[in-house]
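Asker: A single structure is presented below for examination.
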Amino acid sequence: MKRLIPALLICCAALFTQCKKPCGPVPSKNQLKWQDMEMYAFIHYSLNTYTDQEWGYGNESPELFNPSDLDCRQWARVCKQAGMKGIIFTAKHHCGFCMWPSEYTEYSVKNSPWKNGQGDVVRELADACREEGLKFAVYLSPWDRNHPDYGKPEYVTYFRNQLRELLTEYGDMFEVWFDGANGGDGWYGGADERRKIDRTTYYQWPETYRMIRELQPDCLIWNDGGDRGDLRWVGTEGGSIGETNWSLLNRTGDVPYEQLHYGLEDGEVWVPGETNTSIRPGWFYHEAENDHVKSLSKLMDTYYKSVGRNSCLLLNFPVAPNGRIHPTDSLRGIAFNKMIREVFKTDLAKKARKKTKGNETVITFKRPTAFNRFVAEEDIRYGQRVKKFSLEAEVNGQWVPLQDELAEQGDGLTTIGHRRIICFPTVEATRLRFTVLEAKCDPLIKKTTVYLAPQLTADIPDSGEKLSSNLHYFFSSPKQMLIDWDTDQTFTSFRYLPPQSTKEGTITHYTLWASSNWSDWTKLSSGEFSNIVNNPIWQTVQFDPVQGRMLRLDADELAEGDRMAFSDFEVVCSQQ
Ligand code: FUL
């Protein structure tokens with residue numbers, strides 16, 4: 001009998017799973033574990049923190065790295081309290097500076113004054129994560145603006161050597177993050193030139209992937225630079241994924257924005273989207289952004305548009321020059337987590353009667369009940385199936401449809417996946433009806449829950465930027481803009497906000513000039529607007545105060561198109 005029971009159980013289980021046949025591609029066991037993480041943190045910290053940049057050029061001195069109070073435990077504690085399940089750390093950003101004492105380069109913490117060159121930030125953070133029960137992962141930039149061999153085959157060996165160091169000496173990693181960015185120019189060991197590579201072939205990813213799978217079989221690969229990894233970018237750094245979100249892509253071929261953002265309904269492989277965004281406008285710390293930490297309502301909106309849309313949220317916390325996460329960011333992160341707990345504390349459907357018949361679930365409340373959130377989860381082990389569903393509430397004896405108030409597409413309610421949260425204005429209803437209208441195969445709904453989210457009242461204002469004053473400006477050519485004043489001014493900085501919904505006309509490289517007479521121009525500054533395409537936030541150009549009556553902005557390079565464009569700009573003048 002003792003033997004019979006387990007055998008019977010196996011039999012039943014076999015029978016049970018038989019009706020649960022996979023429907024299209026299904027997630028791997030690593031991808032399933034990943035999906036349950038729901039939120040984890042990014043930490044951006046490097047020499048950029050000390051130069052106030054978003055992208056280092058590769059020639060910044062290691063001497064700059066000397067934090068007074070570096071405390072990885074503080075980072076881990078903050079992330080933990082903010083509800084993050086792990087941390088991805090910029091072990092090496094595009095500047096090439098290594099936050100661990102790599103054996104393969106001199107451009108690392110070992111040549112910095114911090115701890116007399118004996119320190120290792122990757123080690124300290126990996127240990128801190130373990131102590132706090134957080135998972136750990138690294139961002140290793142393939143683009144390296146410091147390395148002399150970048151662009152040559154030798155660099156790929158260097159890159160793999162570094163990756164091997166990280167994968168073998170710092171314990172388990174849950175993810176490796178290979179940024180696809182390559183702005184071209186860099187220091188490259190003094191060559192100071194432009195090196196663009198073909199990102200589909202140059203890095204020879206298949207070999208690198210083999211190495212990762214061998215060294216860390218449980219590690220997920222994030223890659224937006226060519227070969228399919230286990231996770232995909234969502235096409236924006238703004239903090240949202242499409243409300244229609246399939247965790248599928250095709251095995252090969254280009255992945256345009258639409259596929260990154262919405263997935264591909266009939267895709268051949270399971271590649272879910274990871275929504276990455278920063279708690280501030282930039283990825284690295286800038287003192288000027290201390291008043292622009294995202295508000296609680298903005299963070300909640302981000303949560304609904306990522307975790308609530310079948311994605312995971314990768315939320316960045318930059319580290320300040322003293323080596324700690326700024327108190328505003330940490331408090332906001334903790335408040336964010338508290339708010340999530342608060343919203344999803346009481347499932348109102350628990351005390352109600354739930355009846356499922358075919359593709360329809362009706363929840364009958366004991367008495368008229370107020371609610372404004374509905375959550376559905378598919379059993380994605382057997383694939384993502386639901387294509388369309390509806391939600392109705394019975395109010396005063398009438399069924400009224402509920403819409404997703406955060407919807408952008410207006411296609412109605414479409415995909416579900418791991419977890420779909422629908423937000424709508426509070427209704428008081430006696431019944432709630434959830435109906436799957438279209439699915440690829442029989443829908444497998446794991447869970448449905450209902451909540452009443454408190455109204456966010458005392459919110460801190462968002463990072464709203466004031467619009468530019470009414471300056472007099474005109475275009476003297478498609479790539480040149482002139483701004484003039486009636487009287488002499490003392491210019492101290494210029495700010496540029498690129499177009500928000502297109503790359504067309506976005507200035508990536510600029511030169512700024514001042515003049516008092518239209519003919520003699522003094523160059524104020526020239527350079528790049530780092531990461532402006534993926535993160536189209538305000539760009540500030542600061543220079544020594546200069547007198548003049550006109551400013552000239554030359555768009556030396558545009559991301560797309562041949563006519564410069566902006567959403568807004570500002571000129572800061574000091575009082576004379
Ligand atoms: C981008 C990078 O260029 C940014 O600097 C940042 O690291 C972000 C997460 O990815 O592509």
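Residue numbers start at 1 in each chain; chains themselves are named A, B, ... in the order of the structure tokens; ligands are numbered from 1 in the order shown.
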Counting only C-alpha atoms and all ligand atoms, which residues in chain A sit no more than 7 Å from ligand 1? For each one, give the nearest pair of atoms and the distance in Å, sorted by chain then residue number, as JSON lines.

Answerer:
```
{"residue": "A:Glu54", "atom": "CA", "partner": "ligand 1", "partner_atom_place_in_ligand_line": "5 (O)", "distance": 5.8}
{"residue": "A:Trp55", "atom": "CA", "partner": "ligand 1", "partner_atom_place_in_ligand_line": "5 (O)", "distance": 6.0}
{"residue": "A:His93", "atom": "CA", "partner": "ligand 1", "partner_atom_place_in_ligand_line": "7 (O)", "distance": 6.8}
{"residue": "A:Asp179", "atom": "CA", "partner": "ligand 1", "partner_atom_place_in_ligand_line": "11 (O)", "distance": 5.5}
{"residue": "A:Gly180", "atom": "CA", "partner": "ligand 1", "partner_atom_place_in_ligand_line": "11 (O)", "distance": 6.3}
{"residue": "A:Ala181", "atom": "CA", "partner": "ligand 1", "partner_atom_place_in_ligand_line": "11 (O)", "distance": 5.1}
{"residue": "A:Asn276", "atom": "CA", "partner": "ligand 1", "partner_atom_place_in_ligand_line": "9 (C)", "distance": 6.9}
{"residue": "A:Trp283", "atom": "CA", "partner": "ligand 1", "partner_atom_place_in_ligand_line": "6 (C)", "distance": 5.8}
{"residue": "A:Asn531", "atom": "CA", "partner": "ligand 1", "partner_atom_place_in_ligand_line": "3 (O)", "distance": 5.1}
{"residue": "A:Asn534", "atom": "CA", "partner": "ligand 1", "partner_atom_place_in_ligand_line": "11 (O)", "distance": 6.5}
```

Asker: Can you spit out the residues from that selection as a PDB file, in the first residue's frame, using N, CA, C and O atoms?

Answerer:
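Output saved as result34.pdb:
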```
ATOM      1  N   GLU A  54      27.093  60.951 -17.551  1.00  0.00           N
ATOM      2  CA  GLU A  54      26.313  59.728 -17.745  1.00  0.00           C
ATOM      3  C   GLU A  54      27.168  58.680 -18.469  1.00  0.00           C
ATOM      4  O   GLU A  54      27.001  57.491 -18.264  1.00  0.00           O
ATOM      5  N   TRP A  55      28.043  59.127 -19.330  1.00  0.00           N
ATOM      6  CA  TRP A  55      28.962  58.229 -20.040  1.00  0.00           C
ATOM      7  C   TRP A  55      30.380  58.781 -19.901  1.00  0.00           C
ATOM      8  O   TRP A  55      30.642  59.916 -20.311  1.00  0.00           O
ATOM      9  N   HIS A  93      31.202  50.134 -16.532  1.00  0.00           N
ATOM     10  CA  HIS A  93      30.330  50.894 -17.440  1.00  0.00           C
ATOM     11  C   HIS A  93      31.135  51.210 -18.700  1.00  0.00           C
ATOM     12  O   HIS A  93      32.261  50.733 -18.868  1.00  0.00           O
ATOM     13  N   ASP A 179      24.953  45.613 -22.096  1.00  0.00           N
ATOM     14  CA  ASP A 179      24.390  46.800 -22.718  1.00  0.00           C
ATOM     15  C   ASP A 179      24.786  46.890 -24.194  1.00  0.00           C
ATOM     16  O   ASP A 179      25.951  46.697 -24.528  1.00  0.00           O
ATOM     17  N   GLY A 180      23.821  47.199 -25.033  1.00  0.00           N
ATOM     18  CA  GLY A 180      24.104  47.271 -26.466  1.00  0.00           C
ATOM     19  C   GLY A 180      24.655  48.611 -26.916  1.00  0.00           C
ATOM     20  O   GLY A 180      25.017  48.777 -28.084  1.00  0.00           O
ATOM     21  N   ALA A 181      24.730  49.600 -25.989  1.00  0.00           N
ATOM     22  CA  ALA A 181      25.112  50.955 -26.410  1.00  0.00           C
ATOM     23  C   ALA A 181      26.526  50.997 -26.985  1.00  0.00           C
ATOM     24  O   ALA A 181      27.439  50.334 -26.490  1.00  0.00           O
ATOM     25  N   ASN A 276      13.524  48.384 -17.375  1.00  0.00           N
ATOM     26  CA  ASN A 276      14.550  49.075 -16.588  1.00  0.00           C
ATOM     27  C   ASN A 276      14.347  50.584 -16.627  1.00  0.00           C
ATOM     28  O   ASN A 276      14.071  51.166 -17.656  1.00  0.00           O
ATOM     29  N   TRP A 283      21.009  57.851 -14.888  1.00  0.00           N
ATOM     30  CA  TRP A 283      21.389  56.563 -14.297  1.00  0.00           C
ATOM     31  C   TRP A 283      22.441  56.746 -13.204  1.00  0.00           C
ATOM     32  O   TRP A 283      22.466  56.024 -12.228  1.00  0.00           O
ATOM     33  N   ASN A 531      23.825  59.057 -23.871  1.00  0.00           N
ATOM     34  CA  ASN A 531      22.632  58.198 -23.671  1.00  0.00           C
ATOM     35  C   ASN A 531      21.318  58.919 -23.951  1.00  0.00           C
ATOM     36  O   ASN A 531      20.263  58.540 -23.446  1.00  0.00           O
ATOM     37  N   ASN A 534      18.295  56.703 -25.687  1.00  0.00           N
ATOM     38  CA  ASN A 534      17.518  55.789 -24.847  1.00  0.00           C
ATOM     39  C   ASN A 534      16.864  56.476 -23.660  1.00  0.00           C
ATOM     40  O   ASN A 534      15.877  55.995 -23.135  1.00  0.00           O
TER      41      ASN A 534
END
```

Asker: DSSP on the backbone, helix (DSSP H, G or I) only: what residues of segment 116-162 of chain A does that give? Format it as a PyMOL selection string.

Answerer: chain A and resi 116-117+121-132+153-162

Asker: Write the selection just made, keeping N, CA and C atoms, as a compact mmCIF listing (two decimals), in the first residue's frame?

Answerer:
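Output file out20.txt follows:
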```txt
# COMPACT_ATOMS: atom_id res chain seq x y z
N ASN A 116 43.67 52.46 -0.47
CA ASN A 116 45.04 52.31 -1.01
C ASN A 116 45.12 51.27 -2.12
N GLY A 117 44.08 51.23 -2.92
CA GLY A 117 44.10 50.30 -4.05
C GLY A 117 43.83 48.86 -3.66
N VAL A 121 34.87 46.74 -4.93
CA VAL A 121 33.45 47.07 -4.70
C VAL A 121 32.56 45.88 -5.03
N VAL A 122 32.91 45.14 -6.09
CA VAL A 122 32.09 43.99 -6.48
C VAL A 122 32.04 42.98 -5.32
N ARG A 123 33.20 42.73 -4.73
CA ARG A 123 33.25 41.77 -3.61
C ARG A 123 32.40 42.27 -2.43
N GLU A 124 32.58 43.56 -2.08
CA GLU A 124 31.84 44.08 -0.92
C GLU A 124 30.33 44.01 -1.16
N LEU A 125 29.92 44.29 -2.40
CA LEU A 125 28.49 44.26 -2.67
C LEU A 125 27.96 42.82 -2.72
N ALA A 126 28.74 41.94 -3.33
CA ALA A 126 28.31 40.53 -3.40
C ALA A 126 28.12 40.00 -1.97
N ASP A 127 29.06 40.34 -1.08
CA ASP A 127 28.95 39.87 0.32
C ASP A 127 27.74 40.49 1.01
N ALA A 128 27.56 41.80 0.78
CA ALA A 128 26.44 42.50 1.43
C ALA A 128 25.11 41.90 0.96
N CYS A 129 25.02 41.58 -0.31
CA CYS A 129 23.78 41.00 -0.84
C CYS A 129 23.51 39.65 -0.16
N ARG A 130 24.54 38.86 -0.06
CA ARG A 130 24.36 37.56 0.57
C ARG A 130 23.87 37.72 2.01
N GLU A 131 24.46 38.69 2.71
CA GLU A 131 24.04 38.92 4.11
C GLU A 131 22.58 39.33 4.21
N GLU A 132 22.14 40.10 3.23
CA GLU A 132 20.75 40.60 3.27
C GLU A 132 19.77 39.64 2.59
N PRO A 153 39.74 41.92 -32.58
CA PRO A 153 39.36 40.62 -31.97
C PRO A 153 39.95 40.45 -30.56
N GLU A 154 41.13 41.03 -30.32
CA GLU A 154 41.78 40.87 -29.00
C GLU A 154 40.88 41.35 -27.87
N TYR A 155 40.10 42.39 -28.16
CA TYR A 155 39.26 42.93 -27.08
C TYR A 155 38.22 41.90 -26.64
N VAL A 156 37.72 41.10 -27.58
CA VAL A 156 36.68 40.12 -27.23
C VAL A 156 37.25 39.11 -26.23
N THR A 157 38.52 38.75 -26.41
CA THR A 157 39.17 37.85 -25.45
C THR A 157 39.26 38.54 -24.09
N TYR A 158 39.65 39.81 -24.11
CA TYR A 158 39.74 40.58 -22.86
C TYR A 158 38.39 40.61 -22.14
N PHE A 159 37.34 40.88 -22.93
CA PHE A 159 35.98 40.95 -22.37
C PHE A 159 35.60 39.62 -21.72
N ARG A 160 35.90 38.54 -22.42
CA ARG A 160 35.55 37.20 -21.88
C ARG A 160 36.36 36.90 -20.62
N ASN A 161 37.63 37.32 -20.64
CA ASN A 161 38.45 37.08 -19.44
C ASN A 161 37.85 37.78 -18.23
N GLN A 162 37.40 39.00 -18.46
CA GLN A 162 36.81 39.75 -17.35
C GLN A 162 35.54 39.08 -16.87
```

Asker: Could you tell me which of A:Thr302, A:Thr346, A:Asn146, A:Gln403 comes closest to Gly189 of chain A if we count only C-alpha atoms?

Answerer: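 Checking each of A:Thr302, A:Thr346, A:Asn146, A:Gln403 against Gly189 of chain A, counting only C-alpha atoms, the winner is A:Asn146.
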
Asker: Between A:Gly323, A:Gly151, A:Gly24, A:Gly58, which residue has the minimum interatomic distance to Cys441 of chain A, considering only C-alpha atoms?

Answerer: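 Between A:Gly323, A:Gly151, A:Gly24, A:Gly58, the residue approaching Cys441 of chain A most closely is A:Gly24.
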
Asker: Looking only at the backbone, which of the residues in segment 180-400 of chain A does DSSP tag as strand (DSSP E or B), as a ChimeraX atom specification?

Answerer: /A:185-186,193-194,220-223,231-232,248-249,269-270,273-278,309,312-319,325,353-357,360-378,386-395,398-400

Asker: Would you mind telling me which residue in A:Glu169, A:Thr492, A:Ser526, A:Ile241 lies nearest to Ser574 of chain A when using only C-alpha atoms?

Answerer: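 Nearest candidate to Ser574 of chain A out of A:Glu169, A:Thr492, A:Ser526, A:Ile241: A:Thr492.
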
Asker: Which is closest to Pro321 of chain A among A:Arg420, A:Glu287, A:Asp172, A:Arg495, if we use only C-alpha atoms?

Answerer: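 Answer, going by the shortest atom-to-atom distance: A:Glu287.
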
Asker: Name the residues in contact with segment 445-449 of chain A at a cut-off of 12 Å, using only C-alpha atoms, excluding same-chain residues fewer than 5 positions from it; report them as a PyMOL selection string.

Answerer: chain A and resi 20+343-356+358-363+371-386+389+391+415-422+432-436+439
